[in-house]
Amino acid sequence: MTPFAERRRRLLGQIGSGSVAVLFAAPEQRRSNDTFFPYRQNSYFHYLTGFPEPESVLVLDGSAQTAVLFCRDKDDLSEIWEGFRYGADVACEAFGMDAAYSIATWREQMPKILQNAQRLFVLPEEGGAAEQALVRHWQKIKNSAAVENLAVCLDEMRLIKDRHETDLLKTAGKISAAAHIRAMQKTRPGISELHIEAELLHEFMRRGARFPAYASIVAGGKNACCLHYTANKDILQNGDLLLVDAGAEYEGYAGDITRTFPVNGRFGGAQKDLYEVVLAANEAAIAAVKPGAVWADIQQTALNILVRGMVDFKLLAGTVEGNIESGAFKRYYMHGLGHWVGLDVHDAGGRPVLLREGMCTTVEPGIYIAAAADIPACFHNIGIRIEDNVLVTESGCENYTAAAPKSVAAIEETMRG
């Protein structure tokens, strides 16, 4: 529990004396009637506690510099039906809290905790009705005093990964890469996209990742031109490309890899030409990632390569500079180069001017060409994205998803194997 305790210590130092921060565990989510989705803890709550149960509240007291957990009681009957509960006494010791109490008492204890506070921090819209009731009480006793957003502090903390986090991210990346290799080896004409999704899930679970980090995209042919295609229901056709965007979640941390490869194991001429353009953009962008690098400059490096390819293959007329200035390239490349990755696959934190050691980002250029009368037929319905996960290191970066093959030769060799 040392990393979690250290994060709480840092946050308590930031909010300071006279402040109280309150965080709520994620609620259980109903799937249908009396069945529920598998439980996943709120990312902020997990970041500070590691505590896996719903119906829990964390209270950080800046004056006392203490962390107090409110959680469910031990309940023999509930545990027979639904599984183990820690209970307050065990949770206090196991999760390194200064104190822990029954969740049934938190409402009566909060007025005492807030009585002498001058500032209240919450995560807006994360705590539901309980948070709203807390805010109303605060504004009543403090004459409509403002409530401050704890995410301002936490997002900055989550942006820089500690060693505990990078170890888990690398494991998620390793599992995700193995699943992409399995997908390549199992792909062939005539099977369904759903079949490949099943192979991905098989490898995730076999290697210890119970769930995917997000809904897997398994998009053959024209489906790859839909950026968030998740139906995964069509039959894979000979001569098409297959775009697979999938990652494992390991102990809460997300992998996020995209690979694009030929259904029949061999890239066709136009497919290979476009693929090499996207690969060049991916590799050039990764090579530019280092402390002090400007993210906008890295995006521009990748964009120049992509648009040069579009012009060279006559998908766009005019100059590279002109097509970038006009935005004409967005017909074929309509998303950004990457996003933070961590406890959430699109992780907390805005895009800074400069990269810093400990940041983890995706790098995912792409080209997507839907069929149209003004486009040569050889390029119709080709969607290509190549995505890796990159950790900014002291002197450069580490691509910790590089085990997933991405050169033309490596992909074709993997598919033959």
# chains A, B, ... in the order shown; residues from 1 in each chain; ligands from 1
call {"tool": "select_by_dssp", "arguments": {"residues": "stretch 132-264 of chain A", "states": "helix (DSSP H, G or I)", "output": "PyMOL selection string"}}
result
chain A and resi 132-141+151-159+163-186+193-206+221-225
call {"tool": "residues_around", "arguments": {"residues": "A:Leu123", "least_positions_apart": "3", "cutoff": "8 Å", "atoms": "only C-alpha atoms", "output": "list in words"}}
result
Val22, Leu23, Glu126, Gly127, Asn149, Leu150 and Ala151 of chain A
call {"tool": "atom_distance", "arguments": {"atom1": "atom CA of A:Ile196", "atom2": "atom CA of A:Val218"}}
result
7.2 Å
call {"tool": "closest_residue", "arguments": {"among": "A:Ile141, A:Gly252, A:Ala409, A:Gly292", "to": "A:Gln41", "atoms": "only C-alpha atoms"}}
result
A:Gly252
call {"tool": "residues_around", "arguments": {"residues": "stretch 160-175 of chain A", "least_positions_apart": "5", "cutoff": "7 Å", "atoms": "only C-alpha atoms", "output": "PyMOL selection string"}}
result
chain A and resi 3+204+207+248-250+253-255+342+358-359+400-401
call {"tool": "residues_around", "arguments": {"residues": "stretch 57-62 of chain A", "least_positions_apart": "2", "cutoff": "7 Å", "atoms": "only C-alpha atoms", "output": "ChimeraX atom specification"}}
result
/A:12,15-25,64-71
call {"tool": "residues_around", "arguments": {"residues": "stretch 258-274 of chain A", "least_positions_apart": "2", "cutoff": "9 Å", "atoms": "only C-alpha atoms", "output": "ChimeraX atom specification"}}
result
/A:180,184,187-189,217,220,236-247,256,276-279,309-310,313,364,367,378-379,382-388,404-406,408,411-416
call {"tool": "select_by_dssp", "arguments": {"residues": "stretch 217-310 of chain A", "states": "strand (DSSP E or B)", "output": "JSON, numbers by chain"}}
result
{"A": [217, 218, 219, 220, 235, 241, 242, 243, 244, 245, 246, 248, 249, 250, 253, 254, 257, 258, 259, 260, 261, 262, 294]}
